[in-house]
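Novice: Have a peek at my_file-v7.txt (compact mmCIF, C-alpha atoms).
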# COMPACT_ATOMS: atom_id res chain seq x y z
CA MET A 5 -53.52 -3.31 17.91
CA GLN A 6 -52.72 -5.10 21.14
CA ARG A 7 -52.70 -2.96 24.29
CA LEU A 8 -49.75 -3.45 26.66
CA TYR A 9 -49.65 -2.81 30.41
CA LYS A 10 -47.00 -2.01 33.00
CA LYS A 11 -47.14 -2.51 36.75
CA MET A 12 -47.24 0.65 38.82
CA ALA A 13 -44.23 1.21 41.04
CA GLY A 14 -44.88 0.73 44.73
CA THR A 15 -47.84 -1.59 44.19
CA SER A 16 -48.11 -5.34 44.11
CA ALA A 17 -50.85 -5.57 41.52
CA VAL A 18 -52.03 -2.36 39.85
CA PHE A 19 -51.44 -2.23 36.11
CA VAL A 20 -51.76 0.83 33.86
CA THR A 21 -51.69 0.94 30.10
CA GLU A 22 -48.23 1.41 28.67
CA SER A 23 -49.48 4.57 26.97
CA HIS A 24 -51.16 6.00 30.11
CA SER A 25 -50.96 9.76 29.65
CA GLY A 26 -51.24 10.77 33.30
CA SER A 27 -48.44 11.00 35.79
CA SER A 28 -48.05 7.46 37.11
CA PRO A 29 -44.77 5.91 38.14
CA VAL A 30 -44.32 2.49 36.57
CA GLU A 31 -41.80 -0.23 37.30
CA ARG A 32 -38.62 0.39 35.37
CA ASP A 33 -37.78 -3.26 34.78
CA GLY A 34 -39.15 -3.08 31.24
CA LEU A 35 -41.68 -5.88 31.73
CA THR A 36 -45.01 -5.54 29.94
CA TRP A 37 -48.15 -7.67 29.90
CA ASN A 38 -50.93 -7.95 27.36
CA ALA A 39 -54.65 -8.03 28.16
CA GLN A 40 -54.88 -11.81 27.82
CA GLU A 41 -52.00 -12.39 30.23
CA LEU A 42 -53.69 -10.17 32.81
CA GLY A 43 -57.06 -11.90 32.37
CA LEU A 44 -59.04 -9.00 30.94
CA ASP A 45 -60.66 -11.39 28.50
CA SER A 46 -62.38 -13.08 31.46
CA CYS A 47 -64.34 -9.95 32.42
CA SER A 48 -67.79 -9.36 31.09
CA ARG A 49 -68.66 -6.04 29.51
CA ALA A 50 -71.12 -5.35 32.37
CA LEU A 51 -68.86 -4.31 35.23
CA ARG A 52 -69.94 -3.79 38.84
CA TRP A 53 -69.10 -0.15 39.53
CA ARG A 54 -68.10 0.60 43.10
CA GLU A 55 -67.35 3.93 44.79
CA PRO A 56 -64.52 5.96 43.23
CA MET A 57 -61.13 6.01 44.96
CA ASP A 58 -58.68 8.87 45.35
CA SER A 59 -55.45 6.93 44.83
CA SER A 60 -54.36 3.71 43.19
CA LEU A 61 -52.67 2.73 46.45
CA ALA A 62 -56.11 2.66 48.09
CA LEU A 63 -57.12 -0.12 45.68
CA GLU A 64 -54.69 -2.51 47.33
CA GLY A 65 -55.94 -1.88 50.85
CA LEU A 66 -59.46 -3.03 50.01
CA GLU A 67 -58.69 -6.67 50.82
CA GLU A 68 -58.71 -5.79 54.52
CA TYR A 69 -62.21 -4.29 54.73
CA ASP A 70 -64.05 -4.49 51.38
CA ARG A 71 -62.70 -7.49 49.50
CA PRO A 72 -63.01 -6.90 45.74
CA GLN A 73 -64.66 -9.46 43.50
CA HIS A 74 -63.88 -10.35 39.90
CA GLY A 75 -65.39 -7.64 37.69
CA ASP A 76 -65.55 -4.89 40.31
CA ALA A 77 -64.62 -1.57 38.74
CA ARG A 78 -63.52 1.70 40.31
CA TYR A 79 -62.54 5.11 39.01
CA VAL A 80 -59.29 6.49 40.49
CA SER A 81 -59.42 10.27 40.48
CA LYS A 82 -55.68 11.02 40.83
CA LEU A 83 -54.94 8.89 37.76
CA GLN A 84 -58.10 9.93 35.90
CA ALA A 85 -58.56 6.29 34.96
CA ALA A 86 -60.84 3.35 35.70
CA PHE A 87 -59.69 -0.07 36.87
CA VAL A 88 -61.25 -3.53 37.00
CA TYR A 89 -60.38 -6.23 39.54
CA ILE A 90 -59.22 -9.55 38.06
CA ASP A 91 -59.35 -12.56 40.42
CA ARG A 92 -56.77 -14.57 38.48
CA ILE A 93 -54.01 -12.04 39.16
CA GLN A 94 -55.54 -10.67 42.37
CA GLY A 95 -55.00 -7.21 40.98
CA TRP A 96 -56.42 -4.15 39.24
CA VAL A 97 -56.02 -3.39 35.53
CA GLU A 98 -56.72 -0.05 33.85
CA ILE A 99 -59.63 -0.14 31.45
CA THR A 100 -60.15 2.35 28.67
CA ALA A 101 -63.49 1.15 27.24
CA PHE A 102 -66.28 -0.04 29.50
CA ALA A 103 -70.03 -0.49 29.83
For the file at hand, write its structure as structure tokens.
Specialist:
Amino acid sequence: MQRLYKKMAGTSAVFVTESHSGSSPVERDGLTWNAQELGLDSCSRALRWREPMDSSLALEGLEEYDRPQHGDARYVSKLQAAFVYIDRIQGWVEITAFA
């Protein structure tokens, strides 16, 4: 089964799984992306875990003071989900299985 993703509303590049069970506003334009389109296949299974964040909006502000690198991963407590940074899209994608 192929997992699909939707962009979170109010963000430029934070993607959650289409089936995300938490409360997360997603864009209502109906667009979806698959893992390959978002570049998840380019991440190794060994992620670089960074400090957890409170909100997904905080992920986007990192470029100003703690620039993320490809493969950086962070847990977002308000969404109860983990995200990995993908250079190709300059964005964060929810991950459901990780090492």
Novice: Rank A:Met57, A:Leu83, A:Gly75, A:Met12 by their smallest atom-to-atom distance to Leu44 of chain A, using all atoms listed in the file, and report the top residue only.
Specialist: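 Of the candidates, the smallest distance to Leu44 of chain A is held by A:Gly75.
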Novice: Which polymer residues have any atom within 9 Å of an atom of Pro56 of chain A, counting only C-alpha atoms, with same-chain residues fewer than 6 positions away left out, as a PDB file with C-alpha atoms, in the coordinates of the input?
Specialist:
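Output saved as selection-v3.pdb:
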ATOM      1  CA  ALA A  77     -64.620  -1.570  38.740  1.00  0.00           C
ATOM      2  CA  ARG A  78     -63.520   1.700  40.310  1.00  0.00           C
ATOM      3  CA  TYR A  79     -62.540   5.110  39.010  1.00  0.00           C
ATOM      4  CA  VAL A  80     -59.290   6.490  40.490  1.00  0.00           C
ATOM      5  CA  SER A  81     -59.420  10.270  40.480  1.00  0.00           C
ATOM      6  CA  ALA A  86     -60.840   3.350  35.700  1.00  0.00           C
TER       7      ALA A  86
END
Novice: Quote the spacing between atom CA of Trp53 of chain A and atom CA of Glu68 of chain A in Å to one decimal place.
Specialist: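 Answer for the atom CA of Trp53 of chain A to atom CA of Glu68 of chain A separation: 19.1 Å.
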Novice: Between atom CA of Leu35 of chain A and atom CA of Lys10 of chain A, measure the distance and give it in Å to one decimal.
Specialist: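 Separating atom CA of Leu35 of chain A from atom CA of Lys10 of chain A is a distance of 6.7 Å.
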Novice: Take the point (-62.0, -5.3, 35.1) in the file's coordinates, draw a sphere of radius 9 Å around it, and report as a PyMOL selection string every protein, DNA or RNA residue with an atom inside or on it, counting all atoms listed in the file.
Specialist: chain A and resi 43-44+46-49+51-52+74-78+86-90+96-99+102
Novice: Within 9 Å of Thr15 of chain A, counting only C-alpha atoms, which residues show up once you throw out same-chain ones fewer than 4 positions away? Write them as a ChimeraX atom specification, please.
Specialist: /A:11,19,60-61,64
Novice: Between atom CA of Thr100 of chain A and atom CA of Trp37 of chain A, what is the distance in Å, rounded to a tenth?
Specialist: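 About the pair atom CA of Thr100 of chain A and atom CA of Trp37 of chain A: they are 15.7 Å apart.
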Novice: Pick the closest to Asp91 of chain A from A:Gln6, A:Asp58, A:Thr21, A:Leu42: which is it, counting all atoms listed in the file?
Specialist: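 The closest residue to Asp91 of chain A is A:Leu42.
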Novice: I'd like to know which of A:Arg92, A:Ala39, A:His24, A:Val18 is closest to Ser59 of chain A, using all atoms listed in the file.
Specialist: A:Val18
Novice: Quick one: of A:Val20, A:Glu67, A:Glu41, A:Thr36, who's nearest to Gln84 of chain A, counting all atoms listed in the file?
Specialist: A:Val20
